[in-house]
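The data block below is query-v5.cif; it holds mmCIF, C-alpha atoms and all ligand atoms.
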data_protein
#
loop_
_atom_site.label_atom_id
_atom_site.label_comp_id
_atom_site.auth_asym_id
_atom_site.auth_seq_id
_atom_site.Cartn_x
_atom_site.Cartn_y
_atom_site.Cartn_z
CA MET A 208 0.22 55.12 26.84
CA ILE A 209 1.09 55.17 30.52
CA VAL A 210 4.65 54.02 31.16
CA LEU A 211 5.25 51.80 34.19
CA ARG A 212 8.59 52.67 35.78
CA SER A 213 11.07 50.19 37.21
CA GLN A 214 12.47 50.65 40.71
CA ARG A 215 15.68 51.99 39.12
CA GLU A 216 13.75 54.56 37.12
CA ILE A 217 11.73 55.61 40.15
CA GLU A 218 14.99 56.24 42.00
CA LYS A 219 16.14 58.47 39.12
CA ILE A 220 12.88 60.42 39.24
CA ARG A 221 13.33 60.66 43.03
CA ARG A 222 16.77 62.21 42.51
CA ALA A 223 15.28 64.93 40.32
CA CYS A 224 12.39 65.42 42.75
CA LYS A 225 14.66 65.74 45.80
CA ILE A 226 16.54 68.54 44.09
CA VAL A 227 13.25 70.27 43.23
CA ALA A 228 12.08 69.90 46.84
CA GLU A 229 15.30 71.29 48.28
CA ILE A 230 15.26 74.22 45.88
CA LEU A 231 11.65 75.01 46.78
CA VAL A 232 12.66 75.11 50.47
CA LYS A 233 15.50 77.55 49.67
CA LEU A 234 13.21 79.71 47.54
CA LYS A 235 10.64 79.77 50.34
CA GLU A 236 13.28 81.16 52.71
CA HIS A 237 13.75 84.09 50.32
CA ILE A 238 10.09 84.93 50.00
CA GLN A 239 9.54 88.24 51.80
CA PRO A 240 8.29 91.73 51.03
CA GLY A 241 10.48 93.53 48.48
CA VAL A 242 11.81 90.42 46.73
CA THR A 243 10.89 90.34 43.04
CA THR A 244 9.60 87.26 41.28
CA LEU A 245 12.55 87.57 38.89
CA ASP A 246 14.92 87.38 41.90
CA LEU A 247 13.32 84.02 42.72
CA ASN A 248 13.75 82.84 39.12
CA VAL A 249 17.45 83.79 39.14
CA LEU A 250 17.95 82.00 42.45
CA SER A 251 16.20 78.88 41.15
CA GLU A 252 18.62 78.75 38.22
CA GLU A 253 21.67 79.24 40.45
CA LEU A 254 20.53 76.46 42.75
CA ALA A 255 19.78 74.10 39.85
CA LEU A 256 23.27 74.73 38.47
CA LYS A 257 24.77 73.89 41.89
CA HIS A 258 22.92 70.57 41.84
CA ASP A 259 23.94 69.83 38.23
CA ALA A 260 20.27 69.76 37.37
CA LYS A 261 18.69 71.31 34.30
CA PRO A 262 15.58 73.45 34.85
CA ALA A 263 12.73 71.64 33.15
CA PHE A 264 10.40 74.50 32.27
CA LYS A 265 12.79 76.84 30.43
CA GLY A 266 12.11 76.49 26.71
CA TYR A 267 9.19 74.12 27.30
CA HIS A 268 6.70 75.15 24.60
CA GLY A 269 8.65 78.42 24.52
CA TYR A 270 8.25 79.23 28.23
CA PRO A 271 11.11 81.71 28.86
CA PHE A 272 11.80 81.15 32.58
CA SER A 273 12.84 78.32 34.91
CA LEU A 274 10.27 79.04 37.60
CA CYS A 275 6.56 79.83 37.55
CA THR A 276 5.64 82.53 40.07
CA SER A 277 1.88 82.99 40.41
CA VAL A 278 0.88 85.77 42.80
CA ASN A 279 -2.60 86.20 44.36
CA GLU A 280 -5.22 85.94 41.57
CA GLU A 281 -2.66 84.27 39.29
CA VAL A 282 -3.50 80.56 39.15
CA VAL A 283 -0.49 78.99 37.39
CA HIS A 284 2.26 79.83 34.88
CA GLY A 285 2.83 83.33 36.29
CA MET A 286 5.96 84.74 34.65
CA PRO A 287 8.75 86.10 36.83
CA SER A 288 9.28 89.84 36.45
CA ALA A 289 11.65 92.47 37.86
CA ARG A 290 8.61 94.71 38.15
CA ARG A 291 6.72 92.35 40.45
CA SER A 292 7.85 92.97 44.02
CA LEU A 293 6.21 90.85 46.65
CA ALA A 294 4.25 92.69 49.32
CA GLN A 295 3.14 91.68 52.79
CA GLY A 296 -0.23 89.94 52.49
CA ASP A 297 0.41 88.40 49.07
CA ILE A 298 0.38 84.67 48.47
CA ILE A 299 2.72 83.25 45.84
CA SER A 300 2.81 79.87 44.18
CA ILE A 301 6.28 78.74 43.14
CA ASP A 302 6.35 75.86 40.70
CA PHE A 303 9.66 74.28 39.69
CA GLY A 304 10.93 71.28 37.80
CA VAL A 305 14.29 69.80 36.82
CA VAL A 306 15.64 67.03 34.65
CA VAL A 307 18.55 64.94 35.92
CA ASP A 308 20.03 62.07 33.93
CA GLY A 309 17.01 62.07 31.62
CA TYR A 310 14.33 61.95 34.35
CA PHE A 311 12.03 64.75 35.49
CA GLY A 312 10.77 65.99 38.84
CA ASP A 313 8.02 68.60 39.32
CA ALA A 314 6.57 70.22 42.46
CA ALA A 315 4.91 73.41 43.66
CA VAL A 316 3.97 75.15 46.89
CA THR A 317 2.00 78.27 47.74
CA VAL A 318 3.58 80.50 50.35
CA PRO A 319 2.21 83.49 52.29
CA VAL A 320 4.31 86.67 52.15
CA GLY A 321 4.58 87.84 55.76
CA SER A 322 1.26 87.70 57.55
CA VAL A 323 -1.76 87.29 55.30
CA ASP A 324 -5.52 87.49 55.59
CA PRO A 325 -6.94 84.44 57.47
CA GLU A 326 -8.99 83.40 54.42
CA ALA A 327 -5.86 83.48 52.24
CA GLU A 328 -4.12 81.33 54.82
CA ARG A 329 -7.07 78.92 54.85
CA LEU A 330 -7.06 78.72 51.04
CA CYS A 331 -3.39 77.65 51.13
CA LYS A 332 -3.99 75.08 53.87
CA VAL A 333 -7.04 73.60 52.14
CA THR A 334 -5.19 73.38 48.82
CA GLU A 335 -2.28 71.59 50.45
CA GLY A 336 -4.72 69.33 52.31
CA SER A 337 -6.48 68.49 49.06
CA LEU A 338 -3.16 67.45 47.51
CA TYR A 339 -2.65 64.94 50.34
CA GLU A 340 -6.24 63.69 49.98
CA GLY A 341 -5.52 63.08 46.30
CA ILE A 342 -2.18 61.41 47.02
CA ARG A 343 -3.89 59.03 49.45
CA GLN A 344 -5.90 57.66 46.52
CA ALA A 345 -2.79 57.07 44.37
CA ALA A 346 -2.79 53.38 45.27
CA ALA A 347 -2.60 50.34 43.01
CA GLY A 348 -6.08 49.02 42.23
CA ASN A 349 -7.79 52.39 42.54
CA ARG A 350 -9.00 54.26 39.47
CA LEU A 351 -7.42 57.48 38.26
CA SER A 352 -10.52 59.56 39.02
CA ASP A 353 -10.47 58.45 42.66
CA ILE A 354 -7.65 60.98 42.99
CA SER A 355 -9.69 63.65 41.19
CA HIS A 356 -12.81 63.00 43.23
CA ALA A 357 -11.02 63.05 46.59
CA ILE A 358 -9.53 66.46 45.79
CA GLN A 359 -12.83 67.94 44.64
CA GLU A 360 -14.81 66.64 47.64
CA TYR A 361 -12.27 67.96 50.13
CA VAL A 362 -12.08 71.38 48.50
CA GLU A 363 -15.78 71.97 47.88
CA ALA A 364 -16.73 70.86 51.42
CA ARG A 365 -14.54 73.74 52.57
CA GLY A 366 -16.15 76.35 50.34
CA PHE A 367 -13.51 76.71 47.63
CA SER A 368 -13.57 75.71 43.95
CA VAL A 369 -11.46 73.49 41.71
CA VAL A 370 -9.88 74.87 38.52
CA ARG A 371 -10.99 72.78 35.51
CA ASP A 372 -8.74 74.19 32.80
CA PHE A 373 -5.46 72.72 34.05
CA VAL A 374 -4.69 69.20 35.23
CA GLY A 375 -1.98 67.05 36.80
CA HIS A 376 -0.02 64.63 34.65
CA GLY A 377 2.14 61.58 34.35
CA ILE A 378 5.86 62.36 34.53
CA GLY A 379 9.11 60.49 33.90
CA GLN A 380 11.23 60.92 30.78
CA ARG A 381 9.13 63.91 29.79
CA LEU A 382 7.66 66.67 31.97
CA HIS A 383 4.14 65.88 30.82
CA GLU A 384 3.21 62.29 30.08
CA SER A 385 -0.05 60.37 30.12
CA PRO A 386 -2.39 60.33 31.95
CA GLN A 387 -3.94 63.74 32.49
CA ILE A 388 -5.19 64.03 36.07
CA PRO A 389 -8.17 66.36 36.55
CA ASN A 390 -8.74 67.67 40.07
CA TYR A 391 -12.49 67.04 39.88
CA GLY A 392 -14.86 64.32 38.74
CA PRO A 393 -16.82 61.26 39.86
CA PRO A 394 -14.93 58.41 41.56
CA GLY A 395 -14.24 55.03 39.96
CA LYS A 396 -13.49 56.22 36.39
CA GLY A 397 -10.43 56.16 34.18
CA VAL A 398 -7.50 53.79 34.14
CA ARG A 399 -6.74 51.45 37.00
CA LEU A 400 -3.64 52.62 38.89
CA LYS A 401 -0.72 50.23 38.78
CA THR A 402 2.57 49.90 40.62
CA GLY A 403 5.19 51.84 38.64
CA MET A 404 2.98 54.73 37.56
CA VAL A 405 4.47 58.12 38.41
CA LEU A 406 2.04 61.01 38.71
CA ALA A 407 2.39 64.75 39.24
CA ILE A 408 -0.73 65.61 41.23
CA GLU A 409 -1.39 69.35 41.32
CA PRO A 410 -4.64 70.84 42.58
CA MET A 411 -5.22 74.48 41.62
CA ILE A 412 -7.88 75.86 43.95
CA ASN A 413 -9.77 79.16 43.79
CA GLN A 414 -11.26 81.20 46.59
CA GLY A 415 -14.25 82.13 44.42
CA ARG A 416 -15.40 80.83 41.04
CA PRO A 417 -13.44 78.10 39.19
CA GLU A 418 -13.13 79.96 35.87
CA VAL A 419 -9.76 81.20 34.70
CA GLU A 420 -8.50 83.47 31.91
CA VAL A 421 -5.11 83.47 30.23
CA LEU A 422 -3.43 86.86 29.89
CA GLY A 423 -2.06 88.36 26.66
CA ASP A 424 1.41 86.97 27.50
CA GLU A 425 -0.20 83.60 26.62
CA TRP A 426 1.04 82.02 29.86
CA THR A 427 -0.26 83.68 33.00
CA ALA A 428 -3.57 82.15 34.06
CA ILE A 429 -5.65 84.29 36.42
CA THR A 430 -9.01 83.80 38.11
CA ALA A 431 -11.87 85.28 36.09
CA ASP A 432 -13.29 86.87 39.27
CA ARG A 433 -9.82 88.11 40.38
CA GLN A 434 -10.12 86.33 43.72
CA LEU A 435 -7.17 84.38 45.11
CA SER A 436 -5.89 81.03 43.87
CA ALA A 437 -3.47 78.50 45.38
CA HIS A 438 -1.51 75.57 43.93
CA PHE A 439 0.41 72.64 45.45
CA GLU A 440 2.08 69.81 43.55
CA HIS A 441 3.96 66.62 44.33
CA THR A 442 5.43 63.94 42.10
CA VAL A 443 4.17 60.60 43.45
CA ALA A 444 4.98 56.97 42.56
CA VAL A 445 2.35 54.26 42.88
CA THR A 446 4.11 51.39 44.68
CA GLU A 447 3.12 48.08 46.19
CA ASN A 448 3.42 49.80 49.56
CA GLY A 449 1.08 52.63 48.55
CA PRO A 450 1.80 56.15 47.33
CA ASP A 451 5.44 57.25 47.59
CA ILE A 452 5.88 61.05 47.55
CA LEU A 453 9.10 61.47 45.58
CA SER A 454 9.23 65.27 45.97
CA ARG A 455 8.89 65.24 49.76
CA VAL A 456 11.75 67.01 51.56
N1 LIG A 501 4.18 72.26 37.05
C1 LIG A 501 3.67 72.89 35.85
C2 LIG A 501 3.03 71.85 35.01
O1 LIG A 501 3.19 70.71 35.30
C3 LIG A 501 4.74 73.65 35.20
C4 LIG A 501 4.75 73.75 33.73
S1 LIG A 501 5.26 75.32 33.28
C5 LIG A 501 5.89 75.20 31.75
O2 LIG A 501 2.31 72.10 34.08
F1 LIG A 501 6.40 76.31 31.45
F2 LIG A 501 6.82 74.29 31.74
F3 LIG A 501 4.94 74.87 30.92
CO CO A 502 3.21 69.71 36.91
#
The structure given in the file should be rewritten as structure tokens.
Ligand code: MF3
Ligand code: CO
Amino acid sequence: MIVLRSQREIEKIRRACKIVAEILVKLKEHIQPGVTTLDLNVLSEELALKHDAKPAFKGYHGYPFSLCTSVNEEVVHGMPSARRSLAQGDIISIDFGVVVDGYFGDAAVTVPVGSVDPEAERLCKVTEGSLYEGIRQAAAGNRLSDISHAIQEYVEARGFSVVRDFVGHGIGQRLHESPQIPNYGPPGKGVRLKTGMVLAIEPMINQGRPEVEVLGDEWTAITADRQLSAHFEHTVAVTENGPDILSRV
């Protein structure tokens, strides 16, 4: 069942999302060679505490951290580690969520560490662009897969591939609600989008092949071909005035 949110509820989700967005900006400022992914996790928890927000991922299905840090060939759910120091030329996806007053916000960005290879840079830009293409379709009257299709078309026209094994999701009083939102597929399928739906749209885009593997830690997803992957996510409300990006800074 897809819950339709009242204006009041959307404002509560926006509060959570704003905190997520601000924390992602602060984390981004700390991304530089030598910083460990665990440093970023610690900082995310300190910042959440300052905002009186509870990190949403910690303890979720046993996930032991507050932040997901996915470096280079890591697609999503990379686990922070004191042994993983960032190096110039890496790209890192930081994915963060909080719950405030019973409502969740979720967002992610991929950030270059220092100056990176032009193709790595292009992968990040195209992934972010595909998120906005998807968001543009999050309008009342469209079908769910219009979002999926717009992302896939944009990405594949630019020579990259869409990860199939993970999807976006509804969000509100739980981190993951209905519907699931694939980042690929034909247009015009699935539920009709209605005012009040709140969706976390999150394309995960690979430089090479779309296949992923999950490591022995049972969380970290990596590309099967070990090429780079990027990930951007926004929480978006479908409103009568079109898509409203709740996690925009
Ligand atoms: N943004 C990710 C998602 O929506 C983060 C989940 S990580 C988890 O799936 F640890 F909470 F599972
Ligand atoms: Co998400």
Set out as CSV a contact list for chain A and ligand CO 502 (chain A) with a cut-off of 8 Å, giving each residue of chain A that qualifies its closest atom pair and distance in Å to one decimal, counting only C-alpha atoms and all ligand atoms, ordered by chain and rising residue number.
residue,atom,partner,partner_atom,distance
A:Asp302,CA,A:CO502,CO,7.9
A:Gly304,CA,A:CO502,CO,7.9
A:Asp313,CA,A:CO502,CO,5.5
A:Ala314,CA,A:CO502,CO,6.5
A:Ala315,CA,A:CO502,CO,7.9
A:Gly375,CA,A:CO502,CO,5.8
A:His376,CA,A:CO502,CO,6.4
A:Leu382,CA,A:CO502,CO,7.3
A:His383,CA,A:CO502,CO,7.3
A:Ala407,CA,A:CO502,CO,5.5
A:Ile408,CA,A:CO502,CO,7.1
A:Glu409,CA,A:CO502,CO,6.4
A:Glu440,CA,A:CO502,CO,6.7
Could the residues in this selection be saved with C-alpha atoms as a short mmCIF file (atom, residue, chain, number, x, y, z; two decimals), in the coordinates of the input?
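The resulting file, again-v9.cif, is shown below:
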data_model
loop_
_atom_site.label_atom_id
_atom_site.label_comp_id
_atom_site.auth_asym_id
_atom_site.auth_seq_id
_atom_site.Cartn_x
_atom_site.Cartn_y
_atom_site.Cartn_z
CA ASP A 302 6.35 75.86 40.70
CA GLY A 304 10.93 71.28 37.80
CA ASP A 313 8.02 68.60 39.32
CA ALA A 314 6.57 70.22 42.46
CA ALA A 315 4.91 73.41 43.66
CA GLY A 375 -1.98 67.05 36.80
CA HIS A 376 -0.02 64.63 34.65
CA LEU A 382 7.66 66.67 31.97
CA HIS A 383 4.14 65.88 30.82
CA ALA A 407 2.39 64.75 39.24
CA ILE A 408 -0.73 65.61 41.23
CA GLU A 409 -1.39 69.35 41.32
CA GLU A 440 2.08 69.81 43.55
#
* Using only C-alpha atoms and all ligand atoms, find each residue with an atom at most 10 Å away from ligand LIG 501 (chain A) and format the answer as a ChimeraX atom specification. => /A:262-276,283-286,301-304,312-315,373-378,382-384,407-409,426,438-442
* Quick one: of A:Val278, A:Cys224, A:Ile217, A:Leu256, who's nearest to Thr446 of chain A, counting only C-alpha atoms? ->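 Of the candidates, the smallest distance to Thr446 of chain A is held by A:Ile217.
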* To do: Tell me, in Å to one decimal, how far atom CA of Gly415 of chain A is from atom CA of Gln434 of chain A.
  =>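 Interatomic distance here is 5.9 Å.
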* To do: Compile the contact shell of segment 326-328 of chain A as JSON, numbers by chain: residues with an atom at most 12 Å away, counting all atoms listed in the file, same-chain residues fewer than 2 positions apart removed.
  => {"A": [278, 279, 280, 296, 297, 298, 299, 317, 318, 319, 320, 321, 322, 323, 324, 330, 331, 332, 333, 334, 335, 365, 366, 367, 412, 413, 414, 415, 434, 435, 436, 437]}
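For the pair atom CA of Leu254 of chain A and atom CA of Ser300 of chain A, the separation is 18.1 Å.
Shortest atom-to-atom contact with Glu216 of chain A among A:Leu400, A:Val370, A:Val307, A:Met411: A:Val307, counting only C-alpha atoms.
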* To do: Excluding Glu281 of chain A and residues on its chain fewer than 6 positions from it, collect all residues at most 7 Å away from it, counting all atoms listed in the file, and give them as a count of residues only.
  => 5
* Record the distance separating atom CA of Glu363 of chain A and atom CA of Glu420 of chain A, expressed in Å with one decimal. =>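 Atom CA of Glu420 of chain A lies 21.0 Å from atom CA of Glu363 of chain A.
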Using the structure just given, write a file holding N, CA and C atoms for segment 308-351 of chain A, as an mmCIF file, in the first residue's frame.
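Heads up, here's the output in part-v3.cif:
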data_model
loop_
_atom_site.group_PDB
_atom_site.id
_atom_site.type_symbol
_atom_site.label_atom_id
_atom_site.label_comp_id
_atom_site.auth_asym_id
_atom_site.auth_seq_id
_atom_site.Cartn_x
_atom_site.Cartn_y
_atom_site.Cartn_z
ATOM 1 N N ASP A 308 10.938 13.161 14.692
ATOM 2 C CA ASP A 308 9.517 13.214 15.023
ATOM 3 C C ASP A 308 8.721 12.146 14.248
ATOM 4 N N GLY A 309 9.367 10.987 14.060
ATOM 5 C CA GLY A 309 8.660 9.866 13.438
ATOM 6 C C GLY A 309 8.668 9.838 11.917
ATOM 7 N N TYR A 310 9.323 10.818 11.286
ATOM 8 C CA TYR A 310 9.363 10.867 9.820
ATOM 9 C C TYR A 310 10.800 10.841 9.298
ATOM 10 N N PHE A 311 10.976 10.135 8.174
ATOM 11 C CA PHE A 311 12.312 9.858 7.637
ATOM 12 C C PHE A 311 12.666 10.764 6.457
ATOM 13 N N GLY A 312 13.976 11.006 6.343
ATOM 14 C CA GLY A 312 14.540 11.639 5.151
ATOM 15 C C GLY A 312 15.748 10.843 4.716
ATOM 16 N N ASP A 313 16.026 10.802 3.419
ATOM 17 C CA ASP A 313 17.076 9.937 2.862
ATOM 18 C C ASP A 313 17.645 10.625 1.622
ATOM 19 N N ALA A 314 18.971 10.734 1.546
ATOM 20 C CA ALA A 314 19.588 11.340 0.355
ATOM 21 C C ALA A 314 21.025 10.858 0.231
ATOM 22 N N ALA A 315 21.557 10.961 -0.984
ATOM 23 C CA ALA A 315 22.941 10.559 -1.233
ATOM 24 C C ALA A 315 23.553 11.417 -2.335
ATOM 25 N N VAL A 316 24.862 11.576 -2.251
ATOM 26 C CA VAL A 316 25.616 12.246 -3.321
ATOM 27 C C VAL A 316 26.909 11.474 -3.559
ATOM 28 N N THR A 317 27.454 11.612 -4.759
ATOM 29 C CA THR A 317 28.778 11.061 -5.038
ATOM 30 C C THR A 317 29.726 12.233 -5.284
ATOM 31 N N VAL A 318 30.873 12.156 -4.627
ATOM 32 C CA VAL A 318 31.795 13.288 -4.563
ATOM 33 C C VAL A 318 33.180 12.843 -5.035
ATOM 34 N N PRO A 319 33.833 13.644 -5.892
ATOM 35 C CA PRO A 319 35.213 13.327 -6.263
ATOM 36 C C PRO A 319 36.165 13.707 -5.120
ATOM 37 N N VAL A 320 37.208 12.927 -4.935
ATOM 38 C CA VAL A 320 38.237 13.248 -3.936
ATOM 39 C C VAL A 320 39.383 13.931 -4.677
ATOM 40 N N GLY A 321 39.533 15.227 -4.459
ATOM 41 C CA GLY A 321 40.532 15.992 -5.212
ATOM 42 C C GLY A 321 40.185 15.961 -6.682
ATOM 43 N N SER A 322 41.208 15.957 -7.537
ATOM 44 C CA SER A 322 40.883 15.925 -8.965
ATOM 45 C C SER A 322 40.871 14.469 -9.419
ATOM 46 N N VAL A 323 39.856 14.147 -10.214
ATOM 47 C CA VAL A 323 39.660 12.757 -10.637
ATOM 48 C C VAL A 323 39.694 12.671 -12.152
ATOM 49 N N ASP A 324 39.859 11.466 -12.624
ATOM 50 C CA ASP A 324 39.829 11.133 -14.038
ATOM 51 C C ASP A 324 38.568 11.743 -14.699
ATOM 52 N N PRO A 325 38.693 12.311 -15.907
ATOM 53 C CA PRO A 325 37.520 12.925 -16.556
ATOM 54 C C PRO A 325 36.333 11.974 -16.713
ATOM 55 N N GLU A 326 36.599 10.706 -16.942
ATOM 56 C CA GLU A 326 35.476 9.756 -17.083
ATOM 57 C C GLU A 326 34.776 9.508 -15.741
ATOM 58 N N ALA A 327 35.530 9.565 -14.658
ATOM 59 C CA ALA A 327 34.933 9.423 -13.319
ATOM 60 C C ALA A 327 34.046 10.629 -13.045
ATOM 61 N N GLU A 328 34.553 11.790 -13.408
ATOM 62 C CA GLU A 328 33.802 13.038 -13.265
ATOM 63 C C GLU A 328 32.504 12.960 -14.082
ATOM 64 N N ARG A 329 32.622 12.469 -15.316
ATOM 65 C CA ARG A 329 31.450 12.383 -16.192
ATOM 66 C C ARG A 329 30.433 11.391 -15.619
ATOM 67 N N LEU A 330 30.917 10.286 -15.062
ATOM 68 C CA LEU A 330 30.004 9.314 -14.446
ATOM 69 C C LEU A 330 29.187 9.974 -13.329
ATOM 70 N N CYS A 331 29.855 10.766 -12.507
ATOM 71 C CA CYS A 331 29.145 11.458 -11.406
ATOM 72 C C CYS A 331 28.112 12.422 -11.970
ATOM 73 N N LYS A 332 28.515 13.210 -12.954
ATOM 74 C CA LYS A 332 27.601 14.212 -13.539
ATOM 75 C C LYS A 332 26.388 13.542 -14.185
ATOM 76 N N VAL A 333 26.637 12.471 -14.925
ATOM 77 C CA VAL A 333 25.535 11.780 -15.616
ATOM 78 C C VAL A 333 24.600 11.134 -14.591
ATOM 79 N N THR A 334 25.147 10.599 -13.518
ATOM 80 C CA THR A 334 24.300 9.993 -12.489
ATOM 81 C C THR A 334 23.420 11.050 -11.834
ATOM 82 N N GLU A 335 24.018 12.187 -11.509
ATOM 83 C CA GLU A 335 23.228 13.269 -10.915
ATOM 84 C C GLU A 335 22.177 13.766 -11.910
ATOM 85 N N GLY A 336 22.591 13.895 -13.168
ATOM 86 C CA GLY A 336 21.640 14.323 -14.212
ATOM 87 C C GLY A 336 20.483 13.352 -14.336
ATOM 88 N N SER A 337 20.777 12.075 -14.234
ATOM 89 C CA SER A 337 19.715 11.054 -14.371
ATOM 90 C C SER A 337 18.731 11.149 -13.207
ATOM 91 N N LEU A 338 19.231 11.503 -12.026
ATOM 92 C CA LEU A 338 18.330 11.685 -10.876
ATOM 93 C C LEU A 338 17.331 12.794 -11.197
ATOM 94 N N TYR A 339 17.814 13.908 -11.757
ATOM 95 C CA TYR A 339 16.904 15.019 -12.062
ATOM 96 C C TYR A 339 15.947 14.673 -13.201
ATOM 97 N N GLU A 340 16.406 13.868 -14.152
ATOM 98 C CA GLU A 340 15.495 13.385 -15.210
ATOM 99 C C GLU A 340 14.370 12.554 -14.598
ATOM 100 N N GLY A 341 14.733 11.698 -13.643
ATOM 101 C CA GLY A 341 13.729 10.880 -12.964
ATOM 102 C C GLY A 341 12.766 11.740 -12.168
ATOM 103 N N ILE A 342 13.330 12.699 -11.433
ATOM 104 C CA ILE A 342 12.504 13.575 -10.586
ATOM 105 C C ILE A 342 11.480 14.327 -11.436
ATOM 106 N N ARG A 343 11.893 14.742 -12.633
ATOM 107 C CA ARG A 343 11.001 15.491 -13.521
ATOM 108 C C ARG A 343 9.717 14.711 -13.833
ATOM 109 N N GLN A 344 9.837 13.377 -13.801
ATOM 110 C CA GLN A 344 8.674 12.525 -14.113
ATOM 111 C C GLN A 344 7.814 12.248 -12.880
ATOM 112 N N ALA A 345 8.257 12.700 -11.708
ATOM 113 C CA ALA A 345 7.515 12.423 -10.467
ATOM 114 C C ALA A 345 6.359 13.411 -10.331
ATOM 115 N N ALA A 346 5.444 13.339 -11.278
ATOM 116 C CA ALA A 346 4.327 14.282 -11.364
ATOM 117 C C ALA A 346 3.026 13.499 -11.335
ATOM 118 N N ALA A 347 2.036 14.070 -10.657
ATOM 119 C CA ALA A 347 0.721 13.435 -10.560
ATOM 120 C C ALA A 347 0.185 13.147 -11.961
ATOM 121 N N GLY A 348 -0.339 11.933 -12.126
ATOM 122 C CA GLY A 348 -0.890 11.529 -13.426
ATOM 123 C C GLY A 348 0.066 10.670 -14.224
ATOM 124 N N ASN A 349 1.367 10.844 -13.990
ATOM 125 C CA ASN A 349 2.335 9.944 -14.633
ATOM 126 C C ASN A 349 2.262 8.574 -13.986
ATOM 127 N N ARG A 350 2.923 7.596 -14.625
ATOM 128 C CA ARG A 350 3.052 6.268 -14.030
ATOM 129 C C ARG A 350 4.439 6.140 -13.389
ATOM 130 N N LEU A 351 4.488 5.244 -12.396
ATOM 131 C CA LEU A 351 5.743 5.044 -11.664
ATOM 132 C C LEU A 351 6.921 4.793 -12.609
#
